[in-house]
file coords_21.tsv (TSV, C-alpha atoms)
chain	number	residue	atom	x	y	z
A	1	MET	CA	-33.44	36.89	100.21
A	2	SER	CA	-29.77	35.96	99.83
A	3	ASN	CA	-27.30	37.15	102.46
A	4	GLN	CA	-24.39	36.67	100.11
A	5	GLN	CA	-22.43	39.90	99.75
A	6	SER	CA	-21.30	41.22	96.39
A	7	PRO	CA	-17.55	41.00	95.88
A	8	THR	CA	-15.47	44.13	96.49
A	9	PRO	CA	-14.27	45.71	93.25
A	10	ILE	CA	-10.54	45.39	92.70
A	11	LEU	CA	-10.46	48.95	91.33
A	12	GLU	CA	-13.13	51.63	91.49
A	13	ILE	CA	-12.58	55.02	89.86
A	14	GLU	CA	-15.20	57.77	90.22
A	15	GLY	CA	-15.00	61.10	88.41
A	16	LEU	CA	-11.20	61.18	88.37
A	17	ARG	CA	-9.74	64.46	87.13
A	18	ALA	CA	-5.98	64.90	87.09
A	19	GLY	CA	-3.34	66.97	85.36
A	20	VAL	CA	0.29	67.94	85.17
A	21	GLU	CA	1.90	71.39	85.10
A	22	ASN	CA	-1.49	73.16	85.34
A	23	LYS	CA	-2.88	71.23	82.38
A	24	GLU	CA	-5.91	69.01	82.96
A	25	ILE	CA	-5.45	65.66	81.19
A	26	LEU	CA	-7.98	63.32	82.80
A	27	LYS	CA	-11.40	64.99	82.73
A	28	GLY	CA	-13.70	62.71	84.69
A	29	ILE	CA	-12.79	59.01	84.45
A	30	THR	CA	-15.24	56.51	85.94
A	31	LEU	CA	-14.34	52.82	85.79
A	32	ARG	CA	-14.86	49.64	87.80
A	33	LEU	CA	-12.89	46.38	87.63
A	34	MET	CA	-14.29	43.37	89.44
A	35	PRO	CA	-12.26	40.31	90.52
A	36	GLY	CA	-11.34	38.12	87.56
A	37	GLU	CA	-11.88	40.83	84.94
A	38	VAL	CA	-9.57	42.12	82.26
A	39	HIS	CA	-10.38	45.57	80.86
A	40	ALA	CA	-8.64	47.26	77.94
A	41	ILE	CA	-8.29	51.01	77.53
A	42	MET	CA	-7.65	52.13	73.96
A	43	GLY	CA	-7.25	55.58	72.53
A	44	PRO	CA	-5.20	57.77	70.22
A	45	ASN	CA	-1.92	59.37	71.27
A	46	GLY	CA	-2.40	62.14	73.82
A	47	SER	CA	-5.75	60.87	75.07
A	48	GLY	CA	-4.55	60.37	78.66
A	49	LYS	CA	-3.85	56.62	78.74
A	50	SER	CA	-0.37	56.79	80.26
A	51	THR	CA	-1.45	59.58	82.61
A	52	LEU	CA	-4.12	57.27	84.01
A	53	ALA	CA	-1.53	54.52	84.56
A	54	SER	CA	0.85	56.97	86.24
A	55	VAL	CA	-1.85	58.33	88.56
A	56	LEU	CA	-2.84	54.82	89.62
A	57	ALA	CA	0.79	53.97	90.36
A	58	GLY	CA	1.30	57.20	92.31
A	59	ARG	CA	4.07	58.65	90.14
A	60	GLU	CA	5.24	62.13	91.12
A	61	GLY	CA	4.28	65.24	89.21
A	62	TYR	CA	0.58	64.55	88.73
A	63	GLU	CA	-2.04	66.67	90.48
A	64	ILE	CA	-5.37	65.14	91.48
A	65	LEU	CA	-8.08	67.72	90.78
A	66	ALA	CA	-11.20	65.74	91.71
A	67	GLY	CA	-12.62	62.27	92.11
A	68	LYS	CA	-12.00	59.09	94.07
A	69	VAL	CA	-10.01	55.93	93.44
A	70	ARG	CA	-10.42	52.84	95.61
A	71	PHE	CA	-8.21	49.78	95.42
A	72	LEU	CA	-9.60	46.71	97.22
A	73	GLY	CA	-11.99	49.07	99.01
A	74	ARG	CA	-9.25	51.41	100.28
A	75	ASP	CA	-8.49	54.99	99.26
A	76	LEU	CA	-5.73	54.64	96.70
A	77	LEU	CA	-4.97	58.33	96.23
A	78	GLU	CA	-3.99	58.74	99.89
A	79	THR	CA	-1.67	55.71	99.75
A	80	PRO	CA	2.08	56.19	99.10
A	81	PRO	CA	3.38	54.53	95.90
A	82	GLU	CA	5.49	51.93	97.71
A	83	GLU	CA	2.50	50.95	99.85
A	84	ARG	CA	0.35	50.56	96.73
A	85	ALA	CA	2.91	48.06	95.44
A	86	ARG	CA	2.93	46.15	98.73
A	87	GLN	CA	-0.88	45.98	98.66
A	88	GLY	CA	-0.75	44.35	95.24
A	89	LEU	CA	-0.85	47.05	92.55
A	90	PHE	CA	1.65	46.50	89.76
A	91	LEU	CA	2.48	48.83	86.86
A	92	ALA	CA	4.25	47.48	83.78
A	93	PHE	CA	5.84	50.56	82.27
A	94	GLN	CA	5.71	51.52	78.61
A	95	TYR	CA	9.44	52.24	78.94
A	96	PRO	CA	10.83	49.97	81.71
A	97	VAL	CA	13.49	51.52	83.93
A	98	GLU	CA	17.09	50.26	83.82
A	99	ILE	CA	18.81	49.58	87.17
A	100	PRO	CA	22.55	49.04	86.56
A	101	GLY	CA	24.38	47.14	89.30
A	102	VAL	CA	21.31	45.31	90.66
A	103	ASN	CA	20.85	41.83	89.26
A	104	THR	CA	17.40	40.64	88.35
A	105	ALA	CA	17.29	37.74	90.83
A	106	TYR	CA	18.16	39.98	93.81
A	107	PHE	CA	15.62	42.58	92.71
A	108	LEU	CA	12.83	40.01	92.33
A	109	LYS	CA	13.58	38.31	95.66
A	110	ALA	CA	13.64	41.62	97.54
A	111	ALA	CA	10.35	42.73	95.93
A	112	LEU	CA	8.67	39.39	96.66
A	113	ASN	CA	9.71	39.44	100.31
A	114	GLU	CA	8.39	43.00	100.73
A	115	VAL	CA	4.99	41.85	99.44
A	116	ARG	CA	5.03	38.73	101.63
A	117	LYS	CA	5.96	40.79	104.69
A	118	HIS	CA	2.97	43.07	104.03
A	119	ARG	CA	0.70	39.99	103.83
A	120	GLY	CA	2.05	38.62	107.13
A	121	LEU	CA	3.90	35.77	105.43
A	122	PRO	CA	7.49	34.64	106.11
A	123	GLU	CA	10.24	35.58	103.69
A	124	VAL	CA	11.22	33.00	101.08
A	125	ASP	CA	14.70	31.57	101.40
A	126	ALA	CA	17.13	31.24	98.51
A	127	MET	CA	16.11	27.70	97.56
A	128	GLU	CA	12.36	28.43	97.65
A	129	PHE	CA	12.87	31.53	95.56
A	130	LEU	CA	15.03	29.74	92.98
A	131	LYS	CA	12.36	27.04	92.55
A	132	LEU	CA	9.63	29.67	92.14
A	133	VAL	CA	11.49	31.89	89.73
A	134	ARG	CA	12.56	28.95	87.55
A	135	GLU	CA	8.89	28.05	87.10
A	136	LYS	CA	8.10	31.61	86.06
A	137	ILE	CA	11.14	31.81	83.75
A	138	ARG	CA	9.89	28.78	81.83
A	139	LEU	CA	6.48	30.41	81.57
A	140	LEU	CA	8.02	33.34	79.67
A	141	GLU	CA	10.44	31.23	77.62
A	142	LEU	CA	13.48	32.99	79.08
A	143	ASP	CA	16.97	31.63	79.71
A	144	GLU	CA	18.06	31.36	83.37
A	145	SER	CA	21.12	33.50	82.61
A	146	PHE	CA	18.60	36.34	82.48
A	147	LEU	CA	18.47	36.30	86.31
A	148	SER	CA	22.14	37.23	86.72
A	149	ARG	CA	21.89	40.30	84.47
A	150	PRO	CA	21.33	43.81	85.86
A	151	VAL	CA	17.64	44.82	85.81
A	152	ASN	CA	16.78	45.83	82.23
A	153	TYR	CA	20.35	47.06	81.64
A	154	GLY	CA	21.45	46.25	78.10
A	155	PHE	CA	18.17	44.44	77.46
A	156	SER	CA	16.39	44.61	74.14
A	157	GLY	CA	12.90	46.10	74.07
A	158	GLY	CA	11.36	42.63	74.04
A	159	GLU	CA	13.53	41.44	76.95
A	160	LYS	CA	12.51	44.46	79.02
A	161	LYS	CA	8.83	43.70	78.46
A	162	ARG	CA	9.33	40.03	79.32
A	163	ASN	CA	11.14	41.09	82.49
A	164	GLU	CA	8.14	43.22	83.46
A	165	VAL	CA	5.84	40.25	83.01
A	166	LEU	CA	8.30	38.03	84.93
A	167	GLN	CA	8.08	40.48	87.83
A	168	MET	CA	4.31	40.29	87.62
A	169	ALA	CA	4.43	36.48	87.57
A	170	VAL	CA	6.60	36.36	90.69
A	171	LEU	CA	4.65	39.00	92.65
A	172	GLU	CA	1.13	37.86	91.59
A	173	PRO	CA	-0.44	41.32	92.08
A	174	LYS	CA	-4.13	41.84	92.71
A	175	LEU	CA	-4.19	44.51	90.00
A	176	ALA	CA	-1.78	44.66	87.07
A	177	VAL	CA	-1.79	47.82	84.98
A	178	LEU	CA	-0.06	47.16	81.65
A	179	ASP	CA	0.88	50.46	80.03
A	180	GLU	CA	1.38	49.81	76.29
A	181	THR	CA	3.18	46.52	76.94
A	182	ASP	CA	3.01	45.80	73.20
A	183	SER	CA	5.04	48.91	72.33
A	184	GLY	CA	8.13	47.99	70.31
A	185	LEU	CA	7.53	44.23	70.32
A	186	ASP	CA	7.83	41.99	67.28
A	187	ILE	CA	5.15	39.36	66.80
A	188	ASP	CA	7.09	36.56	68.55
A	189	ALA	CA	7.89	38.67	71.61
A	190	LEU	CA	4.28	39.88	71.69
A	191	ARG	CA	3.00	36.30	71.71
A	192	ILE	CA	5.34	35.27	74.54
A	193	VAL	CA	4.53	38.32	76.69
A	194	ALA	CA	0.78	37.94	76.11
A	195	ASN	CA	0.95	34.23	76.93
A	196	GLY	CA	2.60	35.07	80.25
A	197	VAL	CA	-0.05	37.67	81.03
A	198	ASN	CA	-2.87	35.25	80.18
A	199	ARG	CA	-1.52	32.59	82.51
A	200	LEU	CA	-1.69	35.09	85.35
A	201	ARG	CA	-5.41	35.63	84.96
A	202	ALA	CA	-7.18	34.47	88.13
A	203	PRO	CA	-10.59	34.81	89.82
A	204	ASP	CA	-9.17	37.02	92.58
A	205	ARG	CA	-7.11	39.36	90.36
A	206	ALA	CA	-7.78	41.95	87.68
A	207	GLN	CA	-5.82	43.46	84.81
A	208	LEU	CA	-6.05	46.84	83.11
A	209	VAL	CA	-4.47	46.67	79.66
A	210	ILE	CA	-3.66	50.05	78.12
A	211	THR	CA	-2.87	49.94	74.42
A	212	HIS	CA	-2.91	52.00	71.25
A	213	TYR	CA	-3.44	49.07	68.89
A	214	GLN	CA	-5.89	46.20	68.69
A	215	ARG	CA	-3.19	43.59	67.94
A	216	LEU	CA	-2.39	42.97	71.61
A	217	LEU	CA	-6.05	42.16	72.19
A	218	ASN	CA	-5.80	39.29	69.69
A	219	TYR	CA	-3.75	37.57	72.40
A	220	ILE	CA	-5.08	39.07	75.64
A	221	VAL	CA	-8.85	38.93	75.20
A	222	PRO	CA	-10.54	41.56	77.41
A	223	ASP	CA	-13.92	41.36	79.10
A	224	LYS	CA	-14.52	45.04	78.33
A	225	VAL	CA	-12.97	47.67	76.07
A	226	HIS	CA	-13.08	51.38	76.86
A	227	VAL	CA	-12.18	54.17	74.43
A	228	LEU	CA	-10.37	57.12	76.00
A	229	MET	CA	-10.37	60.40	74.07
A	230	ASP	CA	-9.40	63.84	75.35
A	231	GLY	CA	-9.29	62.61	78.93
A	232	ARG	CA	-12.72	60.97	78.94
A	233	ILE	CA	-14.08	57.48	78.38
A	234	VAL	CA	-16.34	58.10	75.41
A	235	ARG	CA	-17.38	54.55	74.57
A	236	SER	CA	-17.34	51.11	76.20
A	237	GLY	CA	-18.14	47.69	74.82
A	238	GLY	CA	-17.03	44.11	74.46
A	239	LYS	CA	-13.98	42.79	72.62
A	240	GLU	CA	-15.71	43.45	69.28
A	241	LEU	CA	-15.22	47.18	69.90
A	242	ALA	CA	-11.46	46.67	69.59
A	243	TYR	CA	-11.90	45.08	66.16
A	244	GLU	CA	-14.11	47.95	65.06
A	245	LEU	CA	-11.44	50.43	66.12
A	246	GLU	CA	-8.81	48.51	64.18
A	247	GLU	CA	-10.97	48.64	61.07
A	248	ARG	CA	-12.29	52.19	61.33
A	249	GLY	CA	-9.75	54.03	63.49
A	250	TYR	CA	-10.76	56.61	66.10
A	251	ASP	CA	-12.07	59.36	63.85
A	252	TRP	CA	-15.55	57.86	63.55
A	253	ILE	CA	-15.99	58.06	67.32
A	254	ALA	CA	-14.76	61.65	67.35
A	255	ARG	CA	-17.24	62.52	64.57
A	256	ALA	CA	-20.07	60.83	66.46
A	257	LEU	CA	-19.30	62.99	69.49
A	258	GLU	CA	-19.29	66.29	67.59
A	259	PRO	CA	-23.06	66.94	67.53
A	260	ALA	CA	-23.29	66.28	71.26
A	261	SER	CA	-20.45	68.67	72.02
A	262	LYS	CA	-21.86	71.37	69.73
A	263	GLY	CA	-25.23	71.16	71.39
A	264	ALA	CA	-23.79	71.25	74.88

call {"tool": "encode", "arguments": {"input": "coords_21.tsv", "output": "structure tokens"}}
result
Amino acid sequence: MSNQQSPTPILEIEGLRAGVENKEILKGITLRLMPGEVHAIMGPNGSGKSTLASVLAGREGYEILAGKVRFLGRDLLETPPEERARQGLFLAFQYPVEIPGVNTAYFLKAALNEVRKHRGLPEVDAMEFLKLVREKIRLLELDESFLSRPVNYGFSGGEKKRNEVLQMAVLEPKLAVLDETDSGLDIDALRIVANGVNRLRAPDRAQLVITHYQRLLNYIVPDKVHVLMDGRIVRSGGKELAYELEERGYDWIARALEPASKGA
């Protein structure tokens, strides 16, 4: 008999129910991401995709009705949002926030040193940081002048998304939740952002890619695809499920569920 222990899941969600303003949106989500895995969540508008991302990040205004969420074996729902970030959870927003007056380099250095402090590591000095961030800038095909600009202020949609992935590249989170990162991107920007995300795949990290369309998954190939409809995961499969959704839409899944719901 082997004494080797199974690895701890990066993210473990059990029966998660959550809502906002007395409306239940997530109606029993169960999901597990192991180290090294990339999972995609797809679904029509209003299915609960962004609510799931917001709950994981700890955004205000969402009420947890039932269920458990563990991140690296710890209770995520009892952890303040800033502590989740320090522990290695990263959310790339669908609509990244602008921070006028704070340049990108200062923001990235401060965020990195907060994470390092949590891990018991010394802060990086200016020269170390500049070397690191230049490597990551090249990864995303950005100009270095980008670093002196205020965070997302005056950025195009594509630049904002690249900045989110640059943050992820610098911080190297254990779990990256990408909330509709492909939204508003042209094909060139999509390729560059996806390339950056792919280079951050690692055996000790996981990624949860939330998207409405299959096109992002042409570039970021997931290990598993889950279909979220009306607050529930109604189907899971491999990457071929994403292609089937692109070809047939979501209606065929909804129709397949109808007999079960009528008989319930």

call {"tool": "residues_near_point", "arguments": {"input": "coords_21.tsv", "point": "(-0.5, 73.3, 85.1)", "cutoff": "12 Å", "atoms": "all atoms listed in the file", "output": "list in words"}}
result
Ala18, Gly19, Val20, Glu21, Asn22, Lys23, Glu24, Ile25, Gly61, Tyr62, Glu63, Ile64 and Leu65 of chain A

call {"tool": "atom_distance", "arguments": {"input": "coords_21.tsv", "atom1": "atom CA of Pro80 of chain A", "atom2": "atom CA of Ser54 of chain A"}}
result
12.9 Å

call {"tool": "residues_around", "arguments": {"input": "coords_21.tsv", "residues": "segment 153-162 of chain A", "least_positions_apart": "5", "cutoff": "10 Å", "atoms": "only C-alpha atoms", "output": "PyMOL selection string"}}
result
chain A and resi 92-104+137+140-142+146+167-168+180-186+188-190+192-194+196-197

call {"tool": "write_last_selection", "arguments": {"input": "coords_21.tsv", "atoms": "C-alpha atoms", "output": "tab-separated table (two decimals), keeping the file's coordinate frame"}}
result
chain	number	residue	atom	x	y	z
A	92	ALA	CA	4.25	47.48	83.78
A	93	PHE	CA	5.84	50.56	82.27
A	94	GLN	CA	5.71	51.52	78.61
A	95	TYR	CA	9.44	52.24	78.94
A	96	PRO	CA	10.83	49.97	81.71
A	97	VAL	CA	13.49	51.52	83.93
A	98	GLU	CA	17.09	50.26	83.82
A	99	ILE	CA	18.81	49.58	87.17
A	100	PRO	CA	22.55	49.04	86.56
A	101	GLY	CA	24.38	47.14	89.30
A	102	VAL	CA	21.31	45.31	90.66
A	103	ASN	CA	20.85	41.83	89.26
A	104	THR	CA	17.40	40.64	88.35
A	137	ILE	CA	11.14	31.81	83.75
A	140	LEU	CA	8.02	33.34	79.67
A	141	GLU	CA	10.44	31.23	77.62
A	142	LEU	CA	13.48	32.99	79.08
A	146	PHE	CA	18.60	36.34	82.48
A	167	GLN	CA	8.08	40.48	87.83
A	168	MET	CA	4.31	40.29	87.62
A	180	GLU	CA	1.38	49.81	76.29
A	181	THR	CA	3.18	46.52	76.94
A	182	ASP	CA	3.01	45.80	73.20
A	183	SER	CA	5.04	48.91	72.33
A	184	GLY	CA	8.13	47.99	70.31
A	185	LEU	CA	7.53	44.23	70.32
A	186	ASP	CA	7.83	41.99	67.28
A	188	ASP	CA	7.09	36.56	68.55
A	189	ALA	CA	7.89	38.67	71.61
A	190	LEU	CA	4.28	39.88	71.69
A	192	ILE	CA	5.34	35.27	74.54
A	193	VAL	CA	4.53	38.32	76.69
A	194	ALA	CA	0.78	37.94	76.11
A	196	GLY	CA	2.60	35.07	80.25
A	197	VAL	CA	-0.05	37.67	81.03

call {"tool": "atom_distance", "arguments": {"input": "coords_21.tsv", "atom1": "atom CA of Arg149 of chain A", "atom2": "atom CA of Ala176 of chain A"}}
result
24.2 Å

call {"tool": "residues_around", "arguments": {"input": "coords_21.tsv", "residues": "His212 of chain A", "least_positions_apart": "4", "cutoff": "12 Å", "atoms": "all atoms listed in the file", "output": "number ranges by chain"}}
result
A: 40-50, 94, 178-184, 216-217, 225-229, 242, 245-246, 249-250

call {"tool": "closest_residue", "arguments": {"input": "coords_21.tsv", "among": "A:Leu171, A:Ala254, A:Leu108, A:Val165", "to": "Ile233 of chain A", "atoms": "all atoms listed in the file"}}
result
A:Ala254

call {"tool": "closest_atom_pairs", "arguments": {"input": "coords_21.tsv", "of": "segment 7-91 of chain A", "to": "segment 202-205 of chain A", "cutoff": "9 Å", "atoms": "only C-alpha atoms", "output": "Markdown table"}}
result
| residue | atom | partner | partner_atom | distance |
| --- | --- | --- | --- | --- |
| A:Ile10 | CA | A:Arg205 | CA | 7.3 |
| A:Met34 | CA | A:Arg205 | CA | 8.3 |
| A:Pro35 | CA | A:Asp204 | CA | 5.0 |
| A:Gly36 | CA | A:Pro203 | CA | 4.1 |
| A:Glu37 | CA | A:Arg205 | CA | 7.4 |
| A:Val38 | CA | A:Arg205 | CA | 8.9 |

call {"tool": "residues_around", "arguments": {"input": "coords_21.tsv", "residues": "Lys239 of chain A", "least_positions_apart": "6", "cutoff": "7 Å", "atoms": "all atoms listed in the file", "output": "number ranges by chain"}}
result
A: 221-225

call {"tool": "closest_residue", "arguments": {"input": "coords_21.tsv", "among": "A:Lys117, A:Ala169, A:Gln87, A:Arg17", "to": "Thr51 of chain A", "atoms": "all atoms listed in the file"}}
result
A:Arg17

call {"tool": "atom_distance", "arguments": {"input": "coords_21.tsv", "atom1": "atom CA of Leu241 of chain A", "atom2": "atom CA of Gln214 of chain A"}}
result
9.5 Å

call {"tool": "closest_residue", "arguments": {"input": "coords_21.tsv", "among": "A:Val151, A:Val234, A:Ala126, A:Leu166", "to": "Leu200 of chain A", "atoms": "all atoms listed in the file"}}
result
A:Leu166

call {"tool": "residues_around", "arguments": {"input": "coords_21.tsv", "residues": "Arg116 of chain A", "least_positions_apart": "6", "cutoff": "12 Å", "atoms": "only C-alpha atoms", "output": "JSON, numbers by chain"}}
result
{"A": [85, 86, 87, 88, 109, 110, 122, 123, 124, 170, 171, 172, 173]}

call {"tool": "axis_aligned_box", "arguments": {"input": "coords_21.tsv", "around": "segment 176-183 of chain A", "padding_each_side": "6 Å", "output": "AutoDock Vina command-line options"}}
result
--center_x 1.6 --center_y 47.6 --center_z 79.7 --size_x 18.8 --size_y 17.8 --size_z 26.7

call {"tool": "closest_residue", "arguments": {"input": "coords_21.tsv", "among": "A:Leu121, A:Ala111, A:Gly73, A:His39", "to": "Ile210 of chain A", "atoms": "all atoms listed in the file"}}
result
A:His39
